Amino acid sequence: MGKIRVYELAKKLGVSSKKLIEVLEDLNVEIRNHMSTLDDETAELIYEMLSEEKKVRNKDDIKKTKEYKTQEEIRVENKIKDKNKKGDKRIIIPDKISIKDLGEKINIEPSKIIKELFEEGIIATINQQISKKDASRIAKKYGFEVVLQDDKEIDNTIDTIDINDIEDQEQEENFVNRPPIVTVMGHVDHGKTSLLDAIRKANVTASEAGGITQHIGAYQVTINGKKIVFLDTPGHEAFTEMRARGAKVTDVAVLVVAADDGVMPQTIEAINHAKAANIPIIVAINKIDKPNANPDRVKQQLSEYGLIPEDWGGDTVCVPVSAINKKGINTLLEMILLVAEMCELKANPKTNAVGTIIEAKLDKGRGPVATVIVQKGTLYIGDAIVAGTAYGRVRAMIDDKGKRLKEAGPSVPVEVLGLSDVPNAGDLLYTVKDEKLARQIAEKRKEKQKESELKQANQKVTLDKLFQK
Ligand code: GTP
Ligand code: MG
């Protein structure tokens, strides 16, 4: 086989680089990332092992859903953790759980669980998600009382509902690859907007040339037949706000750092956001055309914040670019696609639409206009929708090129017309049975909102009283 890079071997095996890296890590093979080379012997061995495993593995094991917890889940889990501390051996198990997380819950080494499963004929790796059935069986073996996640509990907390909870019973066959959603972040004036412009210009097709690009806060570009969605957030305020509301939209962060200015306060803030959201970071070292550009200093500074560049032995992809001279743009796009491929982004287009509001405003002529990124399912004209305390029916959808759409599938950014109100950035938008139900949900939320506002006001009053002499 000869020397081979991790991602090349993954391709050969028909698995994702991410999966392969997990397996390599389980086997204690030392690698840095998907670009690392493997020696002959290791590659050969892994190839044999995985092609053998592929034959045995059943469909269910291949399916992976992204782990993402709702606030309610975290609350319930913490409660149970507390109980466990007091000697109560009750645990809660969601529909899917990774072996690592199960191990943590029941305090058993993941390798032990892997062995248990293996003996039952199930081959799984440490980060692999197993079904609640398998997880419960193992937990019970170790004397735990298992509480399955109660769906009703989630229903009651419709405000903290997570898109991944909505259609867990979905069939694997319906899942298709979806384009990555990329947020460009960085310090003021480091060239975020210029970089996005350069990316979009490099991408204007003949049919679009001359057309006016709408500003809808999100753009879709096509590179070698593959799509990437870019979120153009003014500074990263929107990102901060969305994250504070528990929304998870971004798959990859592109961190723009000006080579003549280096790491600045907002650069650090952006790094912290991306780390907290647990998304991969690709660094674009911009303005390399400037005479006082010093990319090495930028790399040095990044290292201080835990982002060690690949050519320095770390695993952070750093691409030198010039948004003005359009240098390095293609390499950056290739890297984004490579990193995105590792994230195994999939979604089911054949279900009710769920998306997130990126931005929203009141337009004089058109009423409330919301930019939405669809994350699951397909949104159609006429669908009854709820977003935060707003509801309505999809009257029209317009994409980033100003084109009217009849439908929008996963990762497609669109402007949606037809809401009763202006929702907030980060609000989840989803379709429901009919407009009546949409209105009911929105009204219930409004009531709740008022209640909590009132409560807060009351609390203030009591505090004031407390401090009165
Ligand atoms: P904010 O949105 O205000 O945070 O700024 P930004 O990060 O979007 O920066 P913007 O793209 O507006 O660029 C700021 C300035 O840097 C502009 O004057 C750009 O022309 C300049 N600039 C951006 N990229 C480059 C580059 O690659 N080389 C040079 N020489 N100048 C650049
Ligand atoms: Mg800008």
# chains A, B, ... in the order shown; residues from 1 in each chain; ligands from 1

call {"tool": "residues_near_ligand", "arguments": {"ligand": "ligand 1", "cutoff": "12 Å", "atoms": "only C-alpha atoms and all ligand atoms", "output": "ChimeraX atom specification"}}
result
/A:184-199,232-237,254-261,264,266-267,270,284-293,320-329

call {"tool": "write_last_selection", "arguments": {"atoms": "N, CA and C atoms", "output": "short mmCIF file (atom, residue, chain, number, x, y, z; two decimals), in the first residue's frame"}}
result
data_model
loop_
_atom_site.label_atom_id
_atom_site.label_comp_id
_atom_site.auth_asym_id
_atom_site.auth_seq_id
_atom_site.Cartn_x
_atom_site.Cartn_y
_atom_site.Cartn_z
N VAL A 184 -17.77 33.05 9.74
CA VAL A 184 -16.50 33.77 9.65
C VAL A 184 -16.41 34.72 10.85
N MET A 185 -15.36 34.56 11.64
CA MET A 185 -15.22 35.36 12.86
C MET A 185 -13.85 36.03 12.89
N GLY A 186 -13.69 36.99 13.76
CA GLY A 186 -12.39 37.62 13.92
C GLY A 186 -12.49 39.05 14.41
N HIS A 187 -11.34 39.66 14.63
CA HIS A 187 -11.28 41.02 15.16
C HIS A 187 -11.76 42.04 14.13
N VAL A 188 -12.21 43.18 14.62
CA VAL A 188 -12.66 44.27 13.75
C VAL A 188 -11.59 44.60 12.71
N ASP A 189 -12.04 44.77 11.48
CA ASP A 189 -11.15 45.21 10.39
C ASP A 189 -10.10 44.19 9.97
N HIS A 190 -10.19 42.99 10.44
CA HIS A 190 -9.19 42.00 10.02
C HIS A 190 -9.51 41.42 8.65
N GLY A 191 -10.70 41.78 8.12
CA GLY A 191 -11.00 41.41 6.73
C GLY A 191 -12.05 40.33 6.54
N LYS A 192 -12.96 40.19 7.50
CA LYS A 192 -14.00 39.16 7.39
C LYS A 192 -14.88 39.39 6.16
N THR A 193 -15.39 40.62 6.06
CA THR A 193 -16.29 40.93 4.96
C THR A 193 -15.57 40.85 3.62
N SER A 194 -14.33 41.37 3.58
CA SER A 194 -13.55 41.32 2.34
C SER A 194 -13.32 39.87 1.91
N LEU A 195 -13.04 39.02 2.89
CA LEU A 195 -12.79 37.61 2.59
C LEU A 195 -14.05 36.96 2.01
N LEU A 196 -15.17 37.25 2.62
CA LEU A 196 -16.43 36.69 2.13
C LEU A 196 -16.72 37.21 0.72
N ASP A 197 -16.43 38.49 0.50
CA ASP A 197 -16.62 39.05 -0.84
C ASP A 197 -15.76 38.31 -1.85
N ALA A 198 -14.48 38.11 -1.48
CA ALA A 198 -13.55 37.42 -2.39
C ALA A 198 -14.06 36.01 -2.68
N ILE A 199 -14.56 35.33 -1.65
CA ILE A 199 -15.07 33.98 -1.83
C ILE A 199 -16.27 34.00 -2.78
N ASP A 232 -22.60 35.40 7.48
CA ASP A 232 -21.94 36.68 7.55
C ASP A 232 -22.49 37.40 8.77
N THR A 233 -21.83 37.20 9.90
CA THR A 233 -22.35 37.83 11.12
C THR A 233 -21.63 39.15 11.34
N PRO A 234 -22.36 40.19 11.66
CA PRO A 234 -21.73 41.47 11.94
C PRO A 234 -20.97 41.32 13.25
N GLY A 235 -19.67 41.36 13.15
CA GLY A 235 -18.84 41.02 14.30
C GLY A 235 -19.24 39.60 14.66
N HIS A 236 -19.12 39.20 15.89
CA HIS A 236 -19.69 37.89 16.21
C HIS A 236 -20.76 38.03 17.27
N GLU A 237 -21.33 39.22 17.32
CA GLU A 237 -22.41 39.44 18.27
C GLU A 237 -23.56 38.46 18.08
N VAL A 254 -14.37 29.89 10.68
CA VAL A 254 -13.18 30.40 10.02
C VAL A 254 -12.76 31.63 10.81
N LEU A 255 -11.56 31.57 11.39
CA LEU A 255 -11.06 32.66 12.21
C LEU A 255 -10.12 33.52 11.36
N VAL A 256 -10.53 34.75 11.12
CA VAL A 256 -9.70 35.64 10.30
C VAL A 256 -8.78 36.45 11.21
N VAL A 257 -7.47 36.35 10.95
CA VAL A 257 -6.49 37.13 11.72
C VAL A 257 -5.62 37.90 10.73
N ALA A 258 -5.56 39.22 10.89
CA ALA A 258 -4.74 40.02 9.99
C ALA A 258 -3.27 39.81 10.31
N ALA A 259 -2.49 39.50 9.27
CA ALA A 259 -1.08 39.16 9.46
C ALA A 259 -0.26 40.36 9.95
N ASP A 260 -0.78 41.58 9.73
CA ASP A 260 -0.02 42.75 10.15
C ASP A 260 -0.42 43.21 11.55
N ASP A 261 -1.47 42.62 12.07
CA ASP A 261 -2.00 43.09 13.35
C ASP A 261 -1.91 42.01 14.44
N MET A 264 -5.86 39.67 18.43
CA MET A 264 -6.40 40.82 19.17
C MET A 264 -7.55 40.35 20.09
N GLN A 266 -10.79 40.56 20.18
CA GLN A 266 -11.94 39.85 19.60
C GLN A 266 -11.55 38.53 18.95
N THR A 267 -10.25 38.42 18.59
CA THR A 267 -9.78 37.13 18.07
C THR A 267 -9.88 36.10 19.18
N ALA A 270 -13.39 35.14 19.87
CA ALA A 270 -13.89 34.23 18.84
C ALA A 270 -13.38 32.81 19.08
N ALA A 284 -7.67 31.71 8.90
CA ALA A 284 -7.28 32.38 7.67
C ALA A 284 -6.38 33.54 8.08
N ILE A 285 -5.08 33.42 7.79
CA ILE A 285 -4.16 34.52 8.11
C ILE A 285 -4.24 35.49 6.93
N ASN A 286 -4.93 36.60 7.14
CA ASN A 286 -5.28 37.51 6.05
C ASN A 286 -4.25 38.65 5.91
N LYS A 287 -4.38 39.35 4.81
CA LYS A 287 -3.56 40.54 4.52
C LYS A 287 -2.09 40.21 4.36
N ILE A 288 -1.79 39.01 3.82
CA ILE A 288 -0.37 38.63 3.66
C ILE A 288 0.31 39.47 2.58
N ASP A 289 -0.50 40.23 1.83
CA ASP A 289 0.09 41.10 0.81
C ASP A 289 0.77 42.33 1.43
N LYS A 290 0.45 42.62 2.66
CA LYS A 290 0.99 43.83 3.29
C LYS A 290 2.48 43.68 3.59
N PRO A 291 3.25 44.75 3.38
CA PRO A 291 4.70 44.64 3.60
C PRO A 291 5.05 44.27 5.04
N ASN A 292 4.24 44.70 6.00
CA ASN A 292 4.57 44.39 7.40
C ASN A 292 3.84 43.15 7.91
N ALA A 293 3.38 42.32 6.96
CA ALA A 293 2.69 41.08 7.36
C ALA A 293 3.68 40.13 8.01
N PRO A 320 -2.66 30.98 4.74
CA PRO A 320 -2.34 32.38 4.46
C PRO A 320 -3.17 32.87 3.27
N VAL A 321 -3.83 34.01 3.42
CA VAL A 321 -4.67 34.51 2.32
C VAL A 321 -4.51 36.02 2.18
N SER A 322 -4.95 36.51 1.03
CA SER A 322 -5.10 37.94 0.85
C SER A 322 -6.44 38.15 0.19
N ALA A 323 -7.35 38.76 0.95
CA ALA A 323 -8.70 38.97 0.43
C ALA A 323 -8.65 39.97 -0.72
N ILE A 324 -7.69 40.89 -0.64
CA ILE A 324 -7.59 41.93 -1.67
C ILE A 324 -7.01 41.36 -2.96
N ASN A 325 -5.93 40.59 -2.85
CA ASN A 325 -5.31 40.02 -4.06
C ASN A 325 -5.88 38.67 -4.43
N LYS A 326 -6.89 38.23 -3.69
CA LYS A 326 -7.52 36.93 -3.93
C LYS A 326 -6.51 35.77 -3.91
N LYS A 327 -5.56 35.84 -3.00
CA LYS A 327 -4.55 34.76 -2.88
C LYS A 327 -5.01 33.78 -1.80
N GLY A 328 -4.83 32.51 -2.09
CA GLY A 328 -5.08 31.50 -1.07
C GLY A 328 -6.55 31.17 -0.85
N ILE A 329 -7.45 31.80 -1.60
CA ILE A 329 -8.88 31.60 -1.37
C ILE A 329 -9.29 30.16 -1.67
#

call {"tool": "closest_atom_pairs", "arguments": {"of": "stretch 308-353 of chain A", "to": "stretch 404-408 of chain A", "cutoff": "12 Å", "atoms": "only C-alpha atoms", "output": "JSON lines"}}
result
{"residue": "A:Pro349", "atom": "CA", "partner": "A:Ala408", "partner_atom": "CA", "distance": 9.1}
{"residue": "A:Lys350", "atom": "CA", "partner": "A:Ala408", "partner_atom": "CA", "distance": 11.4}
{"residue": "A:Thr351", "atom": "CA", "partner": "A:Ala408", "partner_atom": "CA", "distance": 12.0}
{"residue": "A:Asn352", "atom": "CA", "partner": "A:Ala408", "partner_atom": "CA", "distance": 11.4}
{"residue": "A:Ala353", "atom": "CA", "partner": "A:Ala408", "partner_atom": "CA", "distance": 8.8}

call {"tool": "closest_residue", "arguments": {"among": "A:Ala43, A:Leu24, A:Ile138, A:Ile31", "to": "A:Ile4", "atoms": "only C-alpha atoms"}}
result
A:Ala43

call {"tool": "residues_around", "arguments": {"residues": "A:Ile108", "least_positions_apart": "4", "cutoff": "12 Å", "atoms": "only C-alpha atoms", "output": "ChimeraX atom specification"}}
result
/A:99-104,112-116,138-139,141-144

call {"tool": "write_last_selection", "arguments": {"atoms": "N, CA, C and O atoms", "output": "PDB file, in the first residue's frame"}}
result
ATOM      1  N   ILE A  99     -20.546   5.417  23.830  1.00  0.00           N
ATOM      2  CA  ILE A  99     -20.007   4.485  24.825  1.00  0.00           C
ATOM      3  C   ILE A  99     -19.252   5.256  25.902  1.00  0.00           C
ATOM      4  O   ILE A  99     -19.323   4.939  27.084  1.00  0.00           O
ATOM      5  N   LYS A 100     -18.561   6.307  25.451  1.00  0.00           N
ATOM      6  CA  LYS A 100     -17.793   7.137  26.387  1.00  0.00           C
ATOM      7  C   LYS A 100     -18.729   7.727  27.454  1.00  0.00           C
ATOM      8  O   LYS A 100     -18.460   7.641  28.649  1.00  0.00           O
ATOM      9  N   ASP A 101     -19.847   8.316  26.978  1.00  0.00           N
ATOM     10  CA  ASP A 101     -20.774   8.949  27.914  1.00  0.00           C
ATOM     11  C   ASP A 101     -21.460   7.931  28.820  1.00  0.00           C
ATOM     12  O   ASP A 101     -21.680   8.187  29.998  1.00  0.00           O
ATOM     13  N   LEU A 102     -21.778   6.772  28.245  1.00  0.00           N
ATOM     14  CA  LEU A 102     -22.403   5.736  29.061  1.00  0.00           C
ATOM     15  C   LEU A 102     -21.440   5.314  30.163  1.00  0.00           C
ATOM     16  O   LEU A 102     -21.822   5.176  31.333  1.00  0.00           O
ATOM     17  N   GLY A 103     -20.158   5.170  29.756  1.00  0.00           N
ATOM     18  CA  GLY A 103     -19.132   4.785  30.721  1.00  0.00           C
ATOM     19  C   GLY A 103     -19.066   5.760  31.879  1.00  0.00           C
ATOM     20  O   GLY A 103     -18.958   5.368  33.036  1.00  0.00           O
ATOM     21  N   GLU A 104     -19.157   7.044  31.537  1.00  0.00           N
ATOM     22  CA  GLU A 104     -19.113   8.079  32.567  1.00  0.00           C
ATOM     23  C   GLU A 104     -20.301   7.960  33.512  1.00  0.00           C
ATOM     24  O   GLU A 104     -20.193   8.094  34.720  1.00  0.00           O
ATOM     25  N   LYS A 112     -14.273  -1.616  28.753  1.00  0.00           N
ATOM     26  CA  LYS A 112     -15.017  -2.742  29.309  1.00  0.00           C
ATOM     27  C   LYS A 112     -16.365  -2.891  28.584  1.00  0.00           C
ATOM     28  O   LYS A 112     -16.805  -3.993  28.269  1.00  0.00           O
ATOM     29  N   ILE A 113     -16.987  -1.730  28.338  1.00  0.00           N
ATOM     30  CA  ILE A 113     -18.281  -1.743  27.643  1.00  0.00           C
ATOM     31  C   ILE A 113     -18.099  -2.242  26.217  1.00  0.00           C
ATOM     32  O   ILE A 113     -18.884  -3.062  25.724  1.00  0.00           O
ATOM     33  N   ILE A 114     -17.011  -1.782  25.581  1.00  0.00           N
ATOM     34  CA  ILE A 114     -16.737  -2.234  24.216  1.00  0.00           C
ATOM     35  C   ILE A 114     -16.602  -3.753  24.187  1.00  0.00           C
ATOM     36  O   ILE A 114     -17.122  -4.422  23.309  1.00  0.00           O
ATOM     37  N   LYS A 115     -15.928  -4.275  25.224  1.00  0.00           N
ATOM     38  CA  LYS A 115     -15.725  -5.724  25.304  1.00  0.00           C
ATOM     39  C   LYS A 115     -17.070  -6.444  25.490  1.00  0.00           C
ATOM     40  O   LYS A 115     -17.359  -7.431  24.830  1.00  0.00           O
ATOM     41  N   GLU A 116     -17.879  -5.902  26.384  1.00  0.00           N
ATOM     42  CA  GLU A 116     -19.212  -6.484  26.641  1.00  0.00           C
ATOM     43  C   GLU A 116     -20.001  -6.579  25.337  1.00  0.00           C
ATOM     44  O   GLU A 116     -20.590  -7.607  25.020  1.00  0.00           O
ATOM     45  N   ILE A 138     -26.691  -2.830  29.272  1.00  0.00           N
ATOM     46  CA  ILE A 138     -25.382  -2.798  29.935  1.00  0.00           C
ATOM     47  C   ILE A 138     -25.486  -2.149  31.316  1.00  0.00           C
ATOM     48  O   ILE A 138     -24.959  -2.670  32.299  1.00  0.00           O
ATOM     49  N   ALA A 139     -26.219  -1.041  31.372  1.00  0.00           N
ATOM     50  CA  ALA A 139     -26.356  -0.341  32.662  1.00  0.00           C
ATOM     51  C   ALA A 139     -26.992  -1.265  33.693  1.00  0.00           C
ATOM     52  O   ALA A 139     -26.581  -1.306  34.853  1.00  0.00           O
ATOM     53  N   LYS A 141     -26.865  -4.464  33.795  1.00  0.00           N
ATOM     54  CA  LYS A 141     -25.866  -5.463  34.178  1.00  0.00           C
ATOM     55  C   LYS A 141     -25.049  -4.995  35.378  1.00  0.00           C
ATOM     56  O   LYS A 141     -24.607  -5.785  36.196  1.00  0.00           O
ATOM     57  N   TYR A 142     -24.819  -3.682  35.419  1.00  0.00           N
ATOM     58  CA  TYR A 142     -24.012  -3.135  36.506  1.00  0.00           C
ATOM     59  C   TYR A 142     -24.879  -2.613  37.654  1.00  0.00           C
ATOM     60  O   TYR A 142     -24.454  -1.783  38.443  1.00  0.00           O
ATOM     61  N   GLY A 143     -26.113  -3.078  37.675  1.00  0.00           N
ATOM     62  CA  GLY A 143     -26.966  -2.797  38.820  1.00  0.00           C
ATOM     63  C   GLY A 143     -27.636  -1.427  38.809  1.00  0.00           C
ATOM     64  O   GLY A 143     -28.052  -0.929  39.846  1.00  0.00           O
ATOM     65  N   PHE A 144     -27.734  -0.813  37.639  1.00  0.00           N
ATOM     66  CA  PHE A 144     -28.383   0.493  37.590  1.00  0.00           C
ATOM     67  C   PHE A 144     -29.867   0.350  37.238  1.00  0.00           C
ATOM     68  O   PHE A 144     -30.255  -0.554  36.504  1.00  0.00           O
TER      69      PHE A 144
END

call {"tool": "select_by_dssp", "arguments": {"residues": "stretch 213-431 of chain A", "states": "strand (DSSP E)", "output": "PyMOL selection string"}}
result
chain A and resi 218-223+226-231+252-258+281-286+317-320+346-347+354-363+367-376+379-380+384-387+390-398+404-405+407-408+413-419+428-431

call {"tool": "closest_residue", "arguments": {"among": "A:Leu231, A:Asp39, A:Gly355, A:Val221", "to": "ligand 2", "atoms": "only C-alpha atoms and all ligand atoms"}}
result
A:Leu231
